[in-house]
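Student: Dropping in query_24.txt, with compact mmCIF, C-alpha atoms.
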# COMPACT_ATOMS: atom_id res chain seq x y z
CA PRO A 1 30.07 127.38 150.79
CA PRO A 2 30.45 125.95 147.25
CA SER A 3 32.26 128.09 144.76
CA PRO A 4 29.96 129.80 142.32
CA GLN A 5 29.64 128.10 138.90
CA PRO A 6 30.76 130.16 135.93
CA PRO A 7 27.97 131.33 133.79
CA PHE A 8 27.07 129.09 130.82
CA GLN A 9 28.68 130.17 127.57
CA PRO A 10 27.54 128.66 124.28
CA TYR A 11 30.19 127.16 121.99
CA THR A 12 31.43 129.51 119.36
CA PRO A 13 34.02 128.48 116.75
CA ARG A 14 37.40 130.07 117.32
CA HIS A 15 39.90 131.03 114.69
CA PHE A 16 43.33 129.34 114.48
CA ASP A 17 46.18 131.70 114.64
CA MET A 18 49.01 131.57 112.10
CA LEU A 19 51.33 129.42 114.31
CA GLU A 20 48.70 126.72 114.76
CA ALA A 21 47.95 126.77 111.04
CA LEU A 22 51.61 126.04 110.25
CA THR A 23 52.19 123.46 113.00
CA LEU A 24 49.27 121.10 112.46
CA PRO A 25 50.21 119.82 108.95
CA TRP A 26 53.78 119.02 110.06
CA ALA A 27 52.47 117.14 113.08
CA LEU A 28 50.34 115.02 110.75
CA VAL A 29 53.33 114.38 108.48
CA GLY A 30 55.42 113.28 111.46
CA ALA A 31 52.73 110.86 112.62
CA LEU A 32 52.45 109.36 109.14
CA SER A 33 56.23 108.96 108.97
CA ILE A 34 56.26 107.01 112.22
CA ILE A 35 53.47 104.73 110.97
CA CYS A 36 55.33 104.09 107.70
CA ALA A 37 58.53 103.27 109.57
CA ILE A 38 56.68 100.71 111.71
CA LEU A 39 55.11 99.10 108.64
CA MET A 40 58.45 98.92 106.83
CA GLY A 41 59.99 97.25 109.86
CA LEU A 42 57.26 94.62 109.91
CA LEU A 43 57.64 93.97 106.19
CA SER A 44 61.40 93.59 106.48
CA HIS A 45 60.95 90.76 108.98
CA SER A 46 58.43 88.95 106.79
CA ALA A 47 60.59 89.24 103.63
CA PRO A 48 64.16 88.06 104.33
CA TYR A 49 65.49 88.88 100.86
CA GLU A 50 65.75 92.03 98.82
CA TYR A 51 67.46 92.57 95.51
CA ALA A 52 70.66 94.57 95.55
CA PRO A 53 71.25 97.28 92.95
CA SER A 54 74.28 95.37 91.60
CA GLY A 55 72.07 92.48 90.52
CA GLY A 56 72.98 90.36 93.54
CA ARG A 57 70.65 89.67 96.42
CA LYS A 58 70.85 90.79 100.04
CA GLU A 59 70.01 88.40 102.81
CA LYS A 60 68.95 89.83 106.16
CA GLY A 61 69.76 87.83 109.24
CA LYS A 62 67.05 86.99 111.75
CA ASP A 63 68.95 88.90 114.40
CA GLY A 64 69.03 92.02 112.27
CA GLY A 65 72.74 91.62 111.64
CA GLU A 66 74.77 92.82 108.69
CA ASP A 67 73.37 92.01 105.26
CA LYS A 68 75.27 89.52 103.13
CA THR A 69 75.19 90.29 99.43
CA ILE A 70 74.82 87.20 97.27
CA PRO A 71 76.99 87.39 94.11
CA ASP A 72 75.20 88.10 90.88
CA THR A 73 74.72 85.53 88.15
CA LYS A 74 77.82 86.53 86.18
CA GLN A 75 80.07 86.10 89.22
CA ILE A 76 78.58 82.72 90.07
CA ALA A 77 78.84 81.49 86.47
CA GLU A 78 82.47 82.61 86.28
CA LEU A 79 83.34 80.76 89.49
CA ILE A 80 81.72 77.58 88.17
CA ARG A 81 83.63 77.84 84.88
CA LYS A 82 86.95 78.30 86.70
CA ARG A 83 86.58 75.20 88.87
CA ARG A 84 89.25 72.65 88.00
CA SER A 85 90.40 69.28 89.25
CA ILE A 86 94.01 69.98 90.24
CA PHE A 87 96.00 66.76 90.63
CA PRO A 88 98.30 66.17 93.64
CA LYS A 89 101.35 66.00 91.36
CA ASP A 90 101.04 69.79 91.03
CA TYR A 91 100.67 70.55 94.74
CA ASN A 92 103.55 72.43 96.33
CA GLY A 93 103.26 71.09 99.87
CA GLY A 94 101.72 74.24 101.31
CA LYS A 95 99.36 73.85 104.26
CA VAL A 96 95.71 74.76 103.76
CA PRO A 97 94.41 76.77 106.74
CA GLN A 98 91.99 75.00 109.04
CA GLU A 99 89.50 77.84 108.61
CA ALA A 100 89.42 77.25 104.84
CA ILE A 101 88.71 73.54 105.32
CA GLU A 102 85.86 74.38 107.68
CA GLN A 103 84.39 76.85 105.17
CA MET A 104 84.47 74.16 102.49
CA LEU A 105 82.68 71.71 104.78
CA GLU A 106 80.11 74.34 105.74
CA ALA A 107 79.36 74.88 102.05
CA ALA A 108 79.05 71.12 101.53
CA ASN A 109 76.50 70.98 104.31
CA TRP A 110 74.12 73.22 102.32
CA ALA A 111 73.73 70.82 99.42
CA PRO A 112 70.20 69.90 98.30
CA THR A 113 68.82 66.84 100.05
CA HIS A 114 65.61 65.01 99.13
CA GLY A 115 63.73 64.02 102.25
CA LYS A 116 66.05 66.22 104.30
CA THR A 117 68.22 63.20 105.11
CA GLU A 118 71.55 65.03 104.65
CA PRO A 119 73.37 61.78 103.80
CA TRP A 120 76.84 63.25 103.24
CA ARG A 121 79.61 62.35 105.67
CA PHE A 122 83.26 63.40 105.59
CA VAL A 123 86.37 62.08 107.30
CA VAL A 124 89.13 64.71 107.30
CA MET A 125 92.77 63.61 107.53
CA ASP A 126 95.96 65.64 107.61
CA GLY A 127 99.62 65.29 108.57
CA GLU A 128 100.95 61.78 109.18
CA LEU A 129 97.48 60.27 108.95
CA VAL A 130 97.40 61.06 105.23
CA THR A 131 100.59 59.04 104.76
CA LYS A 132 99.23 56.20 106.89
CA PHE A 133 96.00 56.09 104.93
CA GLN A 134 97.80 56.04 101.59
CA ALA A 135 100.00 53.19 102.82
CA THR A 136 96.89 51.23 103.83
CA LEU A 137 95.40 51.76 100.38
CA ALA A 138 98.62 50.57 98.73
CA GLU A 139 98.69 47.40 100.80
CA GLU A 140 95.13 46.59 99.82
CA VAL A 141 95.94 47.11 96.14
CA LYS A 142 98.97 44.83 96.36
CA LYS A 143 96.78 42.00 97.68
CA ASN A 144 95.13 41.77 94.29
CA VAL A 145 98.25 41.82 92.08
CA GLU A 146 101.16 39.50 91.63
CA GLU A 147 104.59 41.07 91.93
CA GLY A 148 107.04 40.14 89.21
CA THR A 149 104.45 40.02 86.45
CA PRO A 150 104.20 42.74 83.77
CA GLU A 151 100.85 43.87 85.14
CA GLY A 152 102.02 43.66 88.75
CA ASP A 153 105.21 45.64 88.06
CA LYS A 154 103.16 48.32 86.34
CA ILE A 155 100.88 48.69 89.34
CA TYR A 156 103.79 48.74 91.80
CA LYS A 157 105.45 51.55 89.87
CA LYS A 158 102.21 53.48 89.81
CA LEU A 159 101.80 53.08 93.58
CA ALA A 160 105.34 54.38 94.17
CA ARG A 161 104.69 57.38 91.94
CA LYS A 162 101.38 58.16 93.63
CA ALA A 163 102.93 57.90 97.07
CA LYS A 164 105.55 60.48 96.10
CA GLU A 165 102.98 62.84 94.61
CA LYS A 166 100.62 62.67 97.56
CA LYS A 167 103.26 63.74 100.06
CA ASN A 168 102.31 67.30 99.11
CA VAL A 169 98.63 66.81 99.95
CA SER A 170 97.59 69.10 102.81
CA HIS A 171 94.30 67.38 103.67
CA LEU A 172 92.66 64.20 102.50
CA ILE A 173 88.88 64.09 102.88
CA ALA A 174 87.08 60.77 102.56
CA ILE A 175 83.75 61.38 100.81
CA CYS A 176 81.13 59.12 102.35
CA PHE A 177 77.39 58.71 102.50
CA LYS A 178 75.18 57.31 105.24
CA LYS A 179 71.78 55.70 104.87
CA VAL A 180 69.43 57.94 106.84
CA LYS A 181 65.69 57.54 107.29
CA ASN A 182 63.46 60.44 106.40
CA ALA A 183 60.75 61.93 108.61
CA LYS A 184 58.37 59.14 107.55
CA GLY A 185 60.79 56.48 108.74
CA SER A 186 61.77 55.18 105.30
CA TYR A 187 65.00 55.32 103.31
CA MET A 188 65.40 57.37 100.18
CA PRO A 189 66.56 55.63 96.95
CA GLU A 190 70.32 55.16 97.07
CA TRP A 191 70.88 57.08 93.84
CA GLU A 192 69.28 60.15 95.44
CA ASP A 193 71.58 59.91 98.45
CA ILE A 194 74.63 59.59 96.22
CA SER A 195 73.44 62.53 94.09
CA ALA A 196 73.10 64.65 97.23
CA VAL A 197 76.66 63.77 98.23
CA ALA A 198 77.91 64.73 94.77
CA CYS A 199 76.19 68.12 95.12
CA ALA A 200 77.88 68.57 98.49
CA VAL A 201 81.28 67.87 96.94
CA GLN A 202 80.59 70.41 94.19
CA ASN A 203 79.80 73.03 96.84
CA MET A 204 83.01 72.19 98.62
CA HIS A 205 85.03 72.38 95.42
CA LEU A 206 83.59 75.77 94.44
CA VAL A 207 84.55 77.28 97.79
CA ALA A 208 88.05 75.84 97.38
CA THR A 209 88.28 77.44 93.93
CA ALA A 210 87.17 80.82 95.28
CA ALA A 211 89.83 80.58 98.01
CA GLY A 212 92.62 79.67 95.56
CA ILE A 213 92.89 76.12 96.93
CA ALA A 214 93.61 73.12 94.70
CA ALA A 215 91.28 70.12 94.97
CA TYR A 216 90.59 66.83 93.24
CA TRP A 217 87.97 64.09 93.74
CA SER A 218 89.47 60.63 93.17
CA SER A 219 86.84 57.89 92.93
CA GLY A 220 89.04 54.89 92.09
CA GLY A 221 88.47 51.69 94.07
CA VAL A 222 85.03 52.56 95.44
CA ASP A 223 83.82 48.97 95.19
CA LYS A 224 87.19 47.36 95.98
CA VAL A 225 89.96 49.04 97.96
CA LEU A 226 87.80 51.72 99.57
CA ALA A 227 85.30 49.05 100.54
CA SER A 228 87.93 46.82 102.19
CA GLU A 229 87.78 46.22 105.92
CA PRO A 230 91.18 47.80 106.78
CA VAL A 231 90.20 51.02 104.97
CA ARG A 232 86.72 51.11 106.44
CA SER A 233 88.16 50.52 109.90
CA LEU A 234 90.64 53.36 109.50
CA LEU A 235 87.83 55.68 108.39
CA ARG A 236 85.64 54.41 111.28
CA LEU A 237 82.71 53.75 108.98
CA SER A 238 79.60 52.06 110.32
CA ASP A 239 77.74 49.29 108.47
CA ASP A 240 75.34 51.82 106.90
CA GLU A 241 78.11 54.05 105.53
CA ARG A 242 80.09 53.86 102.28
CA CYS A 243 83.11 55.70 100.95
CA LEU A 244 82.59 57.23 97.51
CA GLY A 245 86.10 58.55 96.96
CA LEU A 246 88.81 60.82 98.28
CA PHE A 247 88.95 64.60 98.04
CA HIS A 248 92.56 65.75 97.82
CA VAL A 249 93.19 69.29 99.05
CA GLY A 250 96.40 71.32 98.80
CA MET A 251 98.12 74.42 97.55
CA SER A 252 99.45 74.73 94.01
CA ASP A 253 101.47 77.15 91.91
CA ARG A 254 100.23 75.54 88.72
CA SER A 255 96.46 75.87 89.00
CA ASP A 256 96.39 78.47 86.25
CA LYS A 257 97.98 75.94 83.87
CA TYR A 258 94.85 73.83 83.91
CA ARG A 259 92.49 74.56 81.06
CA GLY A 260 88.87 73.55 80.77
CA SER A 261 86.59 73.15 77.78
CA ARG A 262 83.02 72.09 77.21
CA LYS A 263 80.98 71.43 74.12
CA PRO A 264 78.18 73.98 73.63
CA TRP A 265 75.35 73.49 76.09
CA GLN A 266 72.86 73.95 73.26
CA GLU A 267 73.91 70.51 71.93
CA LYS A 268 72.75 68.89 75.18
CA VAL A 269 69.41 70.63 75.64
CA THR A 270 66.02 69.84 74.11
CA TRP A 271 63.39 72.58 74.35
CA LEU A 272 59.76 71.51 74.58
CA SER A 273 57.51 74.52 74.19
CA GLY A 274 54.07 74.59 75.75
CA GLN A 275 52.80 76.88 73.01
CA SER A 276 50.89 75.38 70.11
CA GLU A 277 52.74 75.34 66.81
CA GLN A 278 51.80 78.02 64.36
CA LYS A 279 50.71 76.85 60.95
CA GLN A 280 52.76 78.13 58.04
I need this file expressed as structure tokens, please.
Tutor:
Amino acid sequence: PPSPQPPFQPYTPRHFDMLEALTLPWALVGALSIICAILMGLLSHSAPYEYAPSGGRKEKGKDGGEDKTIPDTKQIAELIRKRRSIFPKDYNGGKVPQEAIEQMLEAANWAPTHGKTEPWRFVVMDGELVTKFQATLAEEVKKNVEEGTPEGDKIYKKLARKAKEKKNVSHLIAICFKKVKNAKGSYMPEWEDISAVACAVQNMHLVATAAGIAAYWSSGGVDKVLASEPVRSLLRLSDDERCLGLFHVGMSDRSDKYRGSRKPWQEKVTWLSGQSEQKQ
């Protein structure tokens, strides 16, 4: 037979005991904490940057890896001011680590690029290839001068001196640019491509400065020697590529002897205010 149903009892409010009264608020606080944590996690993925207390900026990787603190403005400005062109005559013959060269090239690759064409190209030479390349350059220069003349003798002496100085170069990087079509299938103006390459070289030079590496951009002979067929062949340049100079890289004990100076920036800036002039 079916079990008897309990008699109906109307609902009557019950009183919470002291334990329940203390437990419920903390349970609500815990739930709110979990919700806040979830929201903060979502916000952190949508905002990749946050400002660091030191004035720098922290960048969070997409994989949730370790944050990388970007230097503050004073550190960046100081690095820029300390960049110097250190000539090969002051190199000591020390070898620049391969890792340092790769870091310089990685920095160059993050230069601004209009149309996202990334026109910079680099040909890196070291060891005996540096000597071979310098010899090729010298032969091309000699084709345009007459030995035995005052001008020719002057150039020959200069070539001999340069060859001796550049024996201490660790790496020689040919700075090149390539005509690349943008997403719309058209080429950017050449001056914009060349400007992008120059920005890439500046990035590379700043990393070299931070690493204590000497560097120097030589741009001589861009339209003559560096454009000659033997040089282009050695650099393996295609028809749509040009060499804009050579980036000499090495170690030096005399970098601190180089001094820099600039005229005040205020002399080179014109301020145009959008505010209407006040009448006197």
Student: Please identify all polymer residues within 7 Å of Pro119 in chain A, counting only C-alpha atoms, omitting same-chain residues fewer than 4 positions from it, and present them as a VMD selection string.
Tutor: chain A and resid 177 to 180 193 197
Student: In Å, with one decimal, what is the gap from CA of Ser219 in chain A to CA of Leu206 in chain A?
Tutor: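 For CA of Ser219 in chain A relative to CA of Leu206 in chain A, the distance reads 18.2 Å.
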Student: Could you check which residues have any atom within 9 Å of (78.0, 70.4, 97.6), counting only C-alpha atoms with coordinates taken straight from the file, and then list them as a list of chain:residue names?
Tutor: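 Taken together, the residues in range are A:Met104, A:Leu105, A:Ala107, A:Ala108, A:Asn109, A:Trp110, A:Ala111, A:Pro112, A:Ala196, A:Val197, A:Ala198, A:Cys199, A:Ala200, A:Val201, A:Gln202, A:Asn203, A:Met204, A:His205, A:Leu206.
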Student: Please save C-alpha atoms of the selected residues as a compact mmCIF listing (two decimals), keeping the file's coordinate frame.
Tutor:
# COMPACT_ATOMS: atom_id res chain seq x y z
CA MET A 104 84.47 74.16 102.49
CA LEU A 105 82.68 71.71 104.78
CA ALA A 107 79.36 74.88 102.05
CA ALA A 108 79.05 71.12 101.53
CA ASN A 109 76.50 70.98 104.31
CA TRP A 110 74.12 73.22 102.32
CA ALA A 111 73.73 70.82 99.42
CA PRO A 112 70.20 69.90 98.30
CA ALA A 196 73.10 64.65 97.23
CA VAL A 197 76.66 63.77 98.23
CA ALA A 198 77.91 64.73 94.77
CA CYS A 199 76.19 68.12 95.12
CA ALA A 200 77.88 68.57 98.49
CA VAL A 201 81.28 67.87 96.94
CA GLN A 202 80.59 70.41 94.19
CA ASN A 203 79.80 73.03 96.84
CA MET A 204 83.01 72.19 98.62
CA HIS A 205 85.03 72.38 95.42
CA LEU A 206 83.59 75.77 94.44
Student: May I ask which of the residues A:Val123, A:Ala160, A:Val269, A:Val96 is the closest one to Gly245 in chain A, counting only C-alpha atoms?
Tutor: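 Under the stated criterion, the closest residue is A:Val123.
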Student: If we count only C-alpha atoms, what is near Ile76 in chain A at a cut-off of 12 Å, once residues fewer than 6 positions away on the same chain are taken out, given as a list in words?
Tutor: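 These residues fall inside the cut-off: Gly55, Gly56, Ile70, Lys82, Arg83, Asn203, Leu206, Val207, Thr209 and Ala210 of chain A.
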Student: Tell me which protein, DNA and RNA residues are within 10 Å of range 227-240 of chain A, counting all atoms listed in the file, leaving out same-chain ones fewer than 5 positions away, and put them as number ranges by chain.
Tutor: A: 121-125, 129, 132-134, 136-137, 139-140, 174, 176-180, 221-222
Student: Choose the residue, out of A:Gly260, A:Gly250, A:Gly185, A:Gly212, that has the smallest atom-to-atom separation from Asp126 in chain A; count only C-alpha atoms.
Tutor: A:Gly250
Student: Using CA of Pro264 in chain A and CA of Arg81 in chain A as the two end points, give the distance in Å to one decimal.
Tutor: 13.1 Å
Student: CA of Leu246 in chain A to CA of Gln98 in chain A: how many Å, to one decimal?
Tutor: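 Distance between the two atoms: 18.1 Å.
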Student: Write out as a ChimeraX atom specification the residues lying within 8 Å of Val130 in chain A, counting all atoms listed in the file and excluding same-chain residues fewer than 6 positions away.
Tutor: /A:169,171-172
Student: Please produce a file of those selected residues containing C-alpha atoms, as a PDB file, in the coordinates of the input.
Tutor:
ATOM      1  CA  VAL A 169      98.630  66.810  99.950  1.00  0.00           C
ATOM      2  CA  HIS A 171      94.300  67.380 103.670  1.00  0.00           C
ATOM      3  CA  LEU A 172      92.660  64.200 102.500  1.00  0.00           C
TER       4      LEU A 172
END
Student: Set the distance at 12 Å and use only C-alpha atoms: which residues neighbour Ser218 in chain A once local chain neighbours fewer than 6 positions away are removed? I'd like the list as a list in words.
Tutor: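 Listing them by chain and then by number gives Ser85, Ile86, Phe87, Pro88, Leu172, Ile173, Ala174, Ile175, Val201, Leu226, Cys243, Leu244, Gly245, Leu246, Phe247, His248 and Val249 of chain A.
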Student: With C-alpha atoms retained, write the just-selected residues as a PDB file, in the coordinates of the input.
Tutor:
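Below you can see selection-v5.pdb, which holds the result:
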ATOM      1  CA  SER A  85      90.400  69.280  89.250  1.00  0.00           C
ATOM      2  CA  ILE A  86      94.010  69.980  90.240  1.00  0.00           C
ATOM      3  CA  PHE A  87      96.000  66.760  90.630  1.00  0.00           C
ATOM      4  CA  PRO A  88      98.300  66.170  93.640  1.00  0.00           C
ATOM      5  CA  LEU A 172      92.660  64.200 102.500  1.00  0.00           C
ATOM      6  CA  ILE A 173      88.880  64.090 102.880  1.00  0.00           C
ATOM      7  CA  ALA A 174      87.080  60.770 102.560  1.00  0.00           C
ATOM      8  CA  ILE A 175      83.750  61.380 100.810  1.00  0.00           C
ATOM      9  CA  VAL A 201      81.280  67.870  96.940  1.00  0.00           C
ATOM     10  CA  LEU A 226      87.800  51.720  99.570  1.00  0.00           C
ATOM     11  CA  CYS A 243      83.110  55.700 100.950  1.00  0.00           C
ATOM     12  CA  LEU A 244      82.590  57.230  97.510  1.00  0.00           C
ATOM     13  CA  GLY A 245      86.100  58.550  96.960  1.00  0.00           C
ATOM     14  CA  LEU A 246      88.810  60.820  98.280  1.00  0.00           C
ATOM     15  CA  PHE A 247      88.950  64.600  98.040  1.00  0.00           C
ATOM     16  CA  HIS A 248      92.560  65.750  97.820  1.00  0.00           C
ATOM     17  CA  VAL A 249      93.190  69.290  99.050  1.00  0.00           C
TER      18      VAL A 249
END
